[in-house]
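Engineer: This is data31.txt, which holds compact mmCIF, C-alpha atoms:
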# COMPACT_ATOMS: atom_id res chain seq x y z
CA MET S 410 30.16 -45.48 23.94
CA LEU S 411 28.75 -42.16 25.11
CA ALA S 412 25.00 -41.75 25.35
CA ARG S 413 23.66 -39.15 22.98
CA MET S 414 22.75 -36.06 24.95
CA SER S 415 19.47 -34.41 24.18
CA VAL S 416 19.53 -30.68 23.62
CA PRO S 417 16.73 -28.16 23.90
CA ARG S 418 15.00 -27.47 20.60
CA GLN S 419 15.21 -24.03 19.06
CA ILE S 420 11.53 -23.07 19.08
CA ARG S 421 11.18 -20.12 16.66
CA ASN S 422 7.77 -20.88 15.13
CA ILE S 423 4.47 -22.61 15.78
CA ALA S 424 3.31 -25.29 13.35
CA LEU S 425 -0.35 -26.25 13.43
CA ALA S 426 -1.01 -29.76 12.21
CA GLY S 427 -4.21 -31.76 11.97
CA PHE S 428 -6.95 -32.83 9.62
CA MET S 429 -8.80 -30.46 7.34
CA GLY S 430 -11.62 -28.62 9.04
CA VAL S 431 -10.12 -28.62 12.55
CA GLY S 432 -9.49 -24.87 12.52
CA LYS S 433 -5.79 -24.55 11.71
CA SER S 434 -6.22 -21.39 9.63
CA SER S 435 -8.69 -19.65 11.96
CA VAL S 436 -6.71 -20.48 15.08
CA GLY S 437 -3.41 -19.78 13.34
CA ARG S 438 -4.42 -16.27 12.34
CA LEU S 439 -5.45 -15.42 15.92
CA VAL S 440 -2.26 -16.89 17.40
CA ALA S 441 -0.09 -15.07 14.85
CA ALA S 442 -1.81 -11.75 15.60
CA GLU S 443 -1.32 -12.22 19.35
CA LEU S 444 2.39 -13.03 18.96
CA LYS S 445 2.95 -10.52 16.14
CA PHE S 446 4.15 -13.43 14.01
CA GLU S 447 3.48 -13.89 10.31
CA PHE S 448 0.72 -16.39 9.47
CA VAL S 449 1.63 -18.84 6.68
CA ASP S 450 -0.74 -21.42 5.21
CA THR S 451 1.26 -24.08 3.35
CA ASP S 452 -1.58 -24.76 0.90
CA GLU S 453 -1.82 -21.05 0.04
CA VAL S 454 1.96 -20.83 -0.49
CA ILE S 455 1.87 -23.84 -2.83
CA GLU S 456 -1.07 -22.40 -4.79
CA SER S 457 0.65 -19.03 -5.06
CA ARG S 458 3.95 -20.50 -6.24
CA THR S 459 2.47 -22.97 -8.73
CA GLY S 460 -0.36 -20.77 -9.93
CA VAL S 461 -2.62 -23.81 -9.58
CA LYS S 462 -5.32 -24.53 -6.98
CA ILE S 463 -4.78 -27.60 -4.75
CA PRO S 464 -7.73 -29.57 -6.24
CA GLU S 465 -6.27 -29.00 -9.72
CA ILE S 466 -2.82 -30.18 -8.60
CA PHE S 467 -4.42 -33.39 -7.26
CA ALA S 468 -6.52 -33.86 -10.43
CA GLN S 469 -3.81 -33.07 -12.96
CA HIS S 470 -0.67 -34.38 -11.26
CA GLY S 471 -1.75 -36.57 -8.35
CA GLU S 472 -1.21 -36.51 -4.62
CA ALA S 473 2.47 -37.51 -4.88
CA VAL S 474 3.33 -34.31 -6.77
CA PHE S 475 1.46 -32.22 -4.20
CA ARG S 476 3.30 -33.97 -1.34
CA LYS S 477 6.62 -33.18 -3.08
CA PHE S 478 5.66 -29.48 -3.15
CA GLU S 479 4.92 -29.73 0.58
CA SER S 480 8.26 -31.40 1.35
CA ASP S 481 10.15 -28.76 -0.63
CA LEU S 482 8.38 -26.03 1.34
CA VAL S 483 9.09 -27.76 4.67
CA ALA S 484 12.81 -27.86 3.82
CA GLU S 485 12.70 -24.11 3.20
CA MET S 486 11.07 -23.53 6.61
CA ALA S 487 14.27 -24.55 8.41
CA GLY S 488 15.43 -20.94 8.10
CA TRP S 489 12.13 -19.39 9.21
CA SER S 490 11.51 -17.54 12.44
CA GLY S 491 8.48 -15.74 13.87
CA LYS S 492 5.87 -17.68 11.87
CA VAL S 493 2.66 -19.49 12.66
CA ILE S 494 2.50 -22.24 10.05
CA SER S 495 -0.81 -23.86 9.13
CA SER S 496 0.22 -27.14 7.53
CA GLY S 497 -1.81 -29.15 5.10
CA GLY S 498 -3.61 -32.07 6.75
CA GLY S 499 -1.23 -34.72 5.43
CA LEU S 500 2.03 -32.78 5.67
CA VAL S 501 3.21 -34.26 8.99
CA VAL S 502 2.45 -37.83 7.90
CA ASP S 503 5.86 -37.83 6.20
CA PRO S 504 8.27 -38.49 9.11
CA ALA S 505 10.94 -36.28 7.50
CA ASN S 506 8.51 -33.35 7.34
CA LEU S 507 7.53 -33.79 10.98
CA ALA S 508 11.16 -34.07 12.11
CA SER S 509 12.07 -30.96 10.14
CA LEU S 510 9.18 -28.97 11.63
CA LYS S 511 10.10 -30.07 15.15
CA ALA S 512 13.64 -28.76 14.66
CA HIS S 513 12.37 -25.15 14.63
CA SER S 514 8.68 -25.17 15.56
CA PHE S 515 6.43 -26.04 18.45
CA VAL S 516 4.08 -28.51 16.75
CA VAL S 517 0.44 -28.38 17.83
CA CYS S 518 -2.06 -30.88 16.46
CA LEU S 519 -5.64 -29.64 16.43
CA TRP S 520 -8.19 -32.43 16.33
CA ALA S 521 -11.90 -33.15 16.15
CA THR S 522 -14.11 -36.19 15.67
CA PRO S 523 -14.78 -37.48 12.15
CA GLU S 524 -18.41 -36.39 12.49
CA THR S 525 -17.45 -32.84 13.47
CA ILE S 526 -14.93 -32.63 10.62
CA TYR S 527 -17.59 -33.84 8.18
CA GLN S 528 -20.09 -31.23 9.41
CA ARG S 529 -17.45 -28.49 9.03
CA THR S 530 -16.26 -29.54 5.57
CA LYS S 531 -19.23 -31.14 3.77
CA HIS S 532 -20.09 -28.02 1.77
CA GLN S 533 -16.50 -27.20 0.77
CA ALA S 534 -15.88 -28.23 -2.82
CA HIS S 535 -12.16 -27.34 -2.60
CA ARG S 536 -11.38 -30.46 -0.50
CA PRO S 537 -10.07 -32.99 -3.09
CA LEU S 538 -9.63 -35.84 -0.60
CA LEU S 539 -13.34 -35.69 0.27
CA GLN S 540 -14.59 -36.13 -3.28
CA ALA S 541 -15.70 -39.66 -2.49
CA PRO S 542 -19.02 -41.53 -2.48
CA ASP S 543 -18.93 -41.66 1.34
CA PRO S 544 -16.95 -38.65 2.61
CA LEU S 545 -17.46 -39.53 6.29
CA ALA S 546 -15.98 -43.00 5.72
CA LYS S 547 -13.07 -41.35 3.86
CA ILE S 548 -12.50 -38.97 6.80
CA ARG S 549 -12.49 -41.90 9.23
CA ALA S 550 -10.02 -43.84 7.08
CA LEU S 551 -7.68 -40.87 6.61
CA LEU S 552 -7.78 -39.98 10.31
CA ALA S 553 -6.97 -43.58 11.23
CA ALA S 554 -4.05 -43.59 8.78
CA ARG S 555 -2.72 -40.26 10.10
CA GLU S 556 -3.36 -40.80 13.82
CA ALA S 557 0.15 -42.02 14.68
CA ALA S 558 1.74 -39.00 12.98
CA TYR S 559 -0.67 -36.55 14.61
CA LYS S 560 0.06 -38.01 18.05
CA GLN S 561 3.75 -37.12 17.63
CA ALA S 562 2.95 -33.41 17.91
CA ASP S 563 4.22 -31.59 20.98
CA VAL S 564 0.65 -31.09 22.14
CA LEU S 565 -2.81 -32.21 21.01
CA VAL S 566 -5.67 -29.72 21.30
CA SER S 567 -9.31 -30.65 20.86
CA THR S 568 -11.38 -28.20 18.83
CA GLU S 569 -14.65 -29.87 19.88
CA ARG S 570 -17.17 -27.46 21.41
CA ARG S 571 -14.55 -24.74 21.91
CA SER S 572 -14.45 -21.27 20.42
CA ILE S 573 -11.60 -20.26 18.13
CA LYS S 574 -10.47 -17.81 20.84
CA GLU S 575 -10.40 -20.55 23.48
CA ILE S 576 -8.39 -22.86 21.22
CA ALA S 577 -5.96 -20.04 20.34
CA ALA S 578 -5.49 -19.27 24.06
CA HIS S 579 -4.67 -22.93 24.70
CA VAL S 580 -2.12 -22.96 21.85
CA LEU S 581 -0.53 -19.75 23.12
CA HIS S 582 -0.29 -21.07 26.68
CA ASN S 583 1.44 -24.26 25.51
CA PHE S 584 3.78 -22.34 23.19
CA ARG S 585 4.82 -19.93 25.92
CA SER S 586 5.44 -22.83 28.31
CA ALA S 587 7.61 -24.50 25.66
CA GLN S 588 9.63 -21.32 25.20
CA HIS S 589 10.46 -21.31 28.93
CA ASP S 590 11.17 -25.05 29.06
CA PRO S 591 11.90 -26.15 25.46
CA PRO S 592 11.21 -29.73 24.42
CA ARG S 593 14.37 -31.68 23.71
CA LEU S 594 15.65 -33.29 20.53
Take the structure in the file and write it out as structure tokens.

Structural biologist:
Amino acid sequence: MLARMSVPRQIRNIALAGFMGVGKSSVGRLVAAELKFEFVDTDEVIESRTGVKIPEIFAQHGEAVFRKFESDLVAEMAGWSGKVISSGGGLVVDPANLASLKAHSFVVCLWATPETIYQRTKHQAHRPLLQAPDPLAKIRALLAAREAAYKQADVLVSTERRSIKEIAAHVLHNFRSAQHDPPRL
């Protein structure tokens, strides 16, 4: 039997993964501007297409329906090129979504401590997963549940005590390195 040969991935996009409040949108917009790529926020696309805000989707239809919208959008991304994609915090938890993203995108996971995430998000009412009696405990639990998926990104970048510009520069450096020496499938 022949061993399966690995082939270089076709890196046409950057996908930013990670928990809410880690800076995916802010960093993504800077990276997209630098590369002259289009910035796409998956949550914004879903809201635009459904005409319903994310918290309302969760409240009216549940998380499973929202995750189905995400998976449908990820399937569409296979044909995308020249995009910086800010994915919803739970999007890459589905192994099929992560595998699909990795087929065309350099996947960067931005991360921060639970305490930092809480400080960044505690006044944001549009975060349905944090509408809990103890939001910090909820953040810790969700991060623990998502950790294995997040660690499968091509690179992990801490957003602790770094400016948005510094984080964007780190993402760009790693992306450009991957373009010269693409990760393999």

Engineer: Determine, counting only C-alpha atoms, which protein, DNA and RNA residues have an atom within 9 Å of an atom of region 569-585 of chain S; residues of the same chain fewer than 6 positions away are not included. Present the result as a VMD selection string.

Structural biologist: chain S and resid 420 423 431 to 432 435 to 440 443 to 444 515 to 517 519 to 522 525

Engineer: Identify which of the residues S:Val493, S:Ala484, S:Val449, S:Pro504 lies closest to Tyr559 (chain S), counting all atoms listed in the file when measuring atom-to-atom distances.

Structural biologist: S:Pro504

Engineer: So which one's closest to Gly430 (chain S), S:Ser495, S:Ser586, S:Ser457, S:Asn506? Using all atoms listed in the file, please.

Structural biologist: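 Closest to Gly430 (chain S), using all atoms listed in the file: S:Ser495.
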
Engineer: So which one's closest to Glu447 (chain S), S:Pro544, S:Gly471, S:Gly491, S:Pro592? Using all atoms listed in the file, please.

Structural biologist: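 With all atoms listed in the file as the atom set, the closest residue is S:Gly491.
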
Engineer: Enter the distance from CA of Ala426 (chain S) to CA of Glu524 (chain S), in Å, rounded to one decimal.

Structural biologist: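 Distance between the two atoms: 18.6 Å.
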
Engineer: Rounded to one decimal in Å, what is the spacing between CA of Gly460 (chain S) and CA of Leu507 (chain S)?

Structural biologist: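 Computing it gives 25.9 Å between the two atoms.
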
Engineer: For CA of Gly499 (chain S) and CA of Arg593 (chain S), quote the distance in Å rounded to one decimal.

Structural biologist: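 Pair CA of Gly499 (chain S) / CA of Arg593 (chain S) returns 24.2 Å.
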
Engineer: Which residue is closest to Leu545 (chain S)? Choose from S:Met486, S:Glu456, S:Gln528, S:Arg418 and count only C-alpha atoms.

Structural biologist: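 Smallest distance to Leu545 (chain S) is found for S:Gln528.
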
Engineer: Kindly provide, as lines of an AutoDock Vina configuration file, the centre and edge lengths (Å, one decimal) of an axis-aligned box around all atoms of region 540-559 of chain S given in the file, with 8 Å on each side.

Structural biologist:
center_x = -8.6
center_y = -40.0
center_z = 5.7
size_x = 36.8
size_y = 23.7
size_z = 34.0

Engineer: Please determine, counting only C-alpha atoms, which residue among S:Ala553, S:Ile494, S:Leu425, S:Ala468 has the shortest atom-to-atom distance to Thr451 (chain S).

Structural biologist: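 Of S:Ala553, S:Ile494, S:Leu425, S:Ala468, the one nearest Thr451 (chain S) is S:Ile494, counting only C-alpha atoms.
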
Engineer: Could region 523-550 of chain S be completed with N, CA and C atoms and returned as a PDB file, keeping the file's coordinate frame?

Structural biologist:
ATOM      1  N   PRO S 523     -14.439 -37.390  13.573  1.00  0.00           N
ATOM      2  CA  PRO S 523     -14.780 -37.480  12.150  1.00  0.00           C
ATOM      3  C   PRO S 523     -16.121 -36.804  11.835  1.00  0.00           C
ATOM      4  N   GLU S 524     -17.078 -36.964  12.725  1.00  0.00           N
ATOM      5  CA  GLU S 524     -18.410 -36.390  12.490  1.00  0.00           C
ATOM      6  C   GLU S 524     -18.364 -34.861  12.493  1.00  0.00           C
ATOM      7  N   THR S 525     -17.598 -34.297  13.422  1.00  0.00           N
ATOM      8  CA  THR S 525     -17.450 -32.840  13.470  1.00  0.00           C
ATOM      9  C   THR S 525     -16.732 -32.338  12.224  1.00  0.00           C
ATOM     10  N   ILE S 526     -15.675 -33.027  11.828  1.00  0.00           N
ATOM     11  CA  ILE S 526     -14.930 -32.630  10.620  1.00  0.00           C
ATOM     12  C   ILE S 526     -15.854 -32.674   9.411  1.00  0.00           C
ATOM     13  N   TYR S 527     -16.652 -33.725   9.303  1.00  0.00           N
ATOM     14  CA  TYR S 527     -17.590 -33.840   8.180  1.00  0.00           C
ATOM     15  C   TYR S 527     -18.569 -32.668   8.169  1.00  0.00           C
ATOM     16  N   GLN S 528     -19.133 -32.349   9.328  1.00  0.00           N
ATOM     17  CA  GLN S 528     -20.090 -31.230   9.410  1.00  0.00           C
ATOM     18  C   GLN S 528     -19.431 -29.912   8.996  1.00  0.00           C
ATOM     19  N   ARG S 529     -18.168 -29.732   9.349  1.00  0.00           N
ATOM     20  CA  ARG S 529     -17.450 -28.490   9.030  1.00  0.00           C
ATOM     21  C   ARG S 529     -17.031 -28.411   7.567  1.00  0.00           C
ATOM     22  N   THR S 530     -16.841 -29.551   6.917  1.00  0.00           N
ATOM     23  CA  THR S 530     -16.260 -29.540   5.570  1.00  0.00           C
ATOM     24  C   THR S 530     -17.204 -29.993   4.452  1.00  0.00           C
ATOM     25  N   LYS S 531     -18.379 -30.494   4.786  1.00  0.00           N
ATOM     26  CA  LYS S 531     -19.230 -31.140   3.770  1.00  0.00           C
ATOM     27  C   LYS S 531     -19.672 -30.232   2.635  1.00  0.00           C
ATOM     28  N   HIS S 532     -19.673 -28.931   2.831  1.00  0.00           N
ATOM     29  CA  HIS S 532     -20.090 -28.020   1.770  1.00  0.00           C
ATOM     30  C   HIS S 532     -18.911 -27.324   1.089  1.00  0.00           C
ATOM     31  N   GLN S 533     -17.700 -27.823   1.335  1.00  0.00           N
ATOM     32  CA  GLN S 533     -16.500 -27.200   0.770  1.00  0.00           C
ATOM     33  C   GLN S 533     -15.989 -28.016  -0.412  1.00  0.00           C
ATOM     34  N   ALA S 534     -16.250 -27.513  -1.597  1.00  0.00           N
ATOM     35  CA  ALA S 534     -15.880 -28.230  -2.820  1.00  0.00           C
ATOM     36  C   ALA S 534     -14.373 -28.262  -3.059  1.00  0.00           C
ATOM     37  N   HIS S 535     -13.612 -27.406  -2.362  1.00  0.00           N
ATOM     38  CA  HIS S 535     -12.160 -27.340  -2.600  1.00  0.00           C
ATOM     39  C   HIS S 535     -11.383 -28.394  -1.814  1.00  0.00           C
ATOM     40  N   ARG S 536     -12.040 -29.397  -1.277  1.00  0.00           N
ATOM     41  CA  ARG S 536     -11.380 -30.460  -0.500  1.00  0.00           C
ATOM     42  C   ARG S 536     -11.269 -31.715  -1.370  1.00  0.00           C
ATOM     43  N   PRO S 537     -10.164 -31.868  -2.142  1.00  0.00           N
ATOM     44  CA  PRO S 537     -10.070 -32.990  -3.090  1.00  0.00           C
ATOM     45  C   PRO S 537     -10.134 -34.370  -2.454  1.00  0.00           C
ATOM     46  N   LEU S 538      -9.627 -34.514  -1.227  1.00  0.00           N
ATOM     47  CA  LEU S 538      -9.630 -35.840  -0.600  1.00  0.00           C
ATOM     48  C   LEU S 538     -11.023 -36.274  -0.164  1.00  0.00           C
ATOM     49  N   LEU S 539     -11.983 -35.342  -0.149  1.00  0.00           N
ATOM     50  CA  LEU S 539     -13.340 -35.690   0.270  1.00  0.00           C
ATOM     51  C   LEU S 539     -14.286 -35.901  -0.912  1.00  0.00           C
ATOM     52  N   GLN S 540     -13.762 -35.863  -2.107  1.00  0.00           N
ATOM     53  CA  GLN S 540     -14.590 -36.130  -3.280  1.00  0.00           C
ATOM     54  C   GLN S 540     -14.716 -37.641  -3.430  1.00  0.00           C
ATOM     55  N   ALA S 541     -15.517 -38.211  -2.545  1.00  0.00           N
ATOM     56  CA  ALA S 541     -15.700 -39.660  -2.490  1.00  0.00           C
ATOM     57  C   ALA S 541     -17.177 -39.957  -2.307  1.00  0.00           C
ATOM     58  N   PRO S 542     -17.607 -41.175  -2.659  1.00  0.00           N
ATOM     59  CA  PRO S 542     -19.020 -41.530  -2.480  1.00  0.00           C
ATOM     60  C   PRO S 542     -19.485 -41.422  -1.030  1.00  0.00           C
ATOM     61  N   ASP S 543     -18.592 -41.743  -0.073  1.00  0.00           N
ATOM     62  CA  ASP S 543     -18.930 -41.660   1.340  1.00  0.00           C
ATOM     63  C   ASP S 543     -17.848 -40.837   2.045  1.00  0.00           C
ATOM     64  N   PRO S 544     -18.000 -39.501   2.037  1.00  0.00           N
ATOM     65  CA  PRO S 544     -16.950 -38.650   2.610  1.00  0.00           C
ATOM     66  C   PRO S 544     -16.664 -38.918   4.090  1.00  0.00           C
ATOM     67  N   LEU S 545     -17.691 -39.255   4.872  1.00  0.00           N
ATOM     68  CA  LEU S 545     -17.460 -39.530   6.290  1.00  0.00           C
ATOM     69  C   LEU S 545     -16.581 -40.770   6.470  1.00  0.00           C
ATOM     70  N   ALA S 546     -16.825 -41.792   5.668  1.00  0.00           N
ATOM     71  CA  ALA S 546     -15.980 -43.000   5.720  1.00  0.00           C
ATOM     72  C   ALA S 546     -14.545 -42.650   5.305  1.00  0.00           C
ATOM     73  N   LYS S 547     -14.400 -41.779   4.323  1.00  0.00           N
ATOM     74  CA  LYS S 547     -13.070 -41.350   3.860  1.00  0.00           C
ATOM     75  C   LYS S 547     -12.359 -40.587   4.981  1.00  0.00           C
ATOM     76  N   ILE S 548     -13.081 -39.708   5.676  1.00  0.00           N
ATOM     77  CA  ILE S 548     -12.500 -38.970   6.800  1.00  0.00           C
ATOM     78  C   ILE S 548     -12.020 -39.948   7.868  1.00  0.00           C
ATOM     79  N   ARG S 549     -12.875 -40.909   8.212  1.00  0.00           N
ATOM     80  CA  ARG S 549     -12.490 -41.900   9.230  1.00  0.00           C
ATOM     81  C   ARG S 549     -11.227 -42.655   8.827  1.00  0.00           C
ATOM     82  N   ALA S 550     -11.175 -43.079   7.563  1.00  0.00           N
ATOM     83  CA  ALA S 550     -10.020 -43.840   7.080  1.00  0.00           C
ATOM     84  C   ALA S 550      -8.749 -42.991   7.104  1.00  0.00           C
TER      85      ALA S 550
END
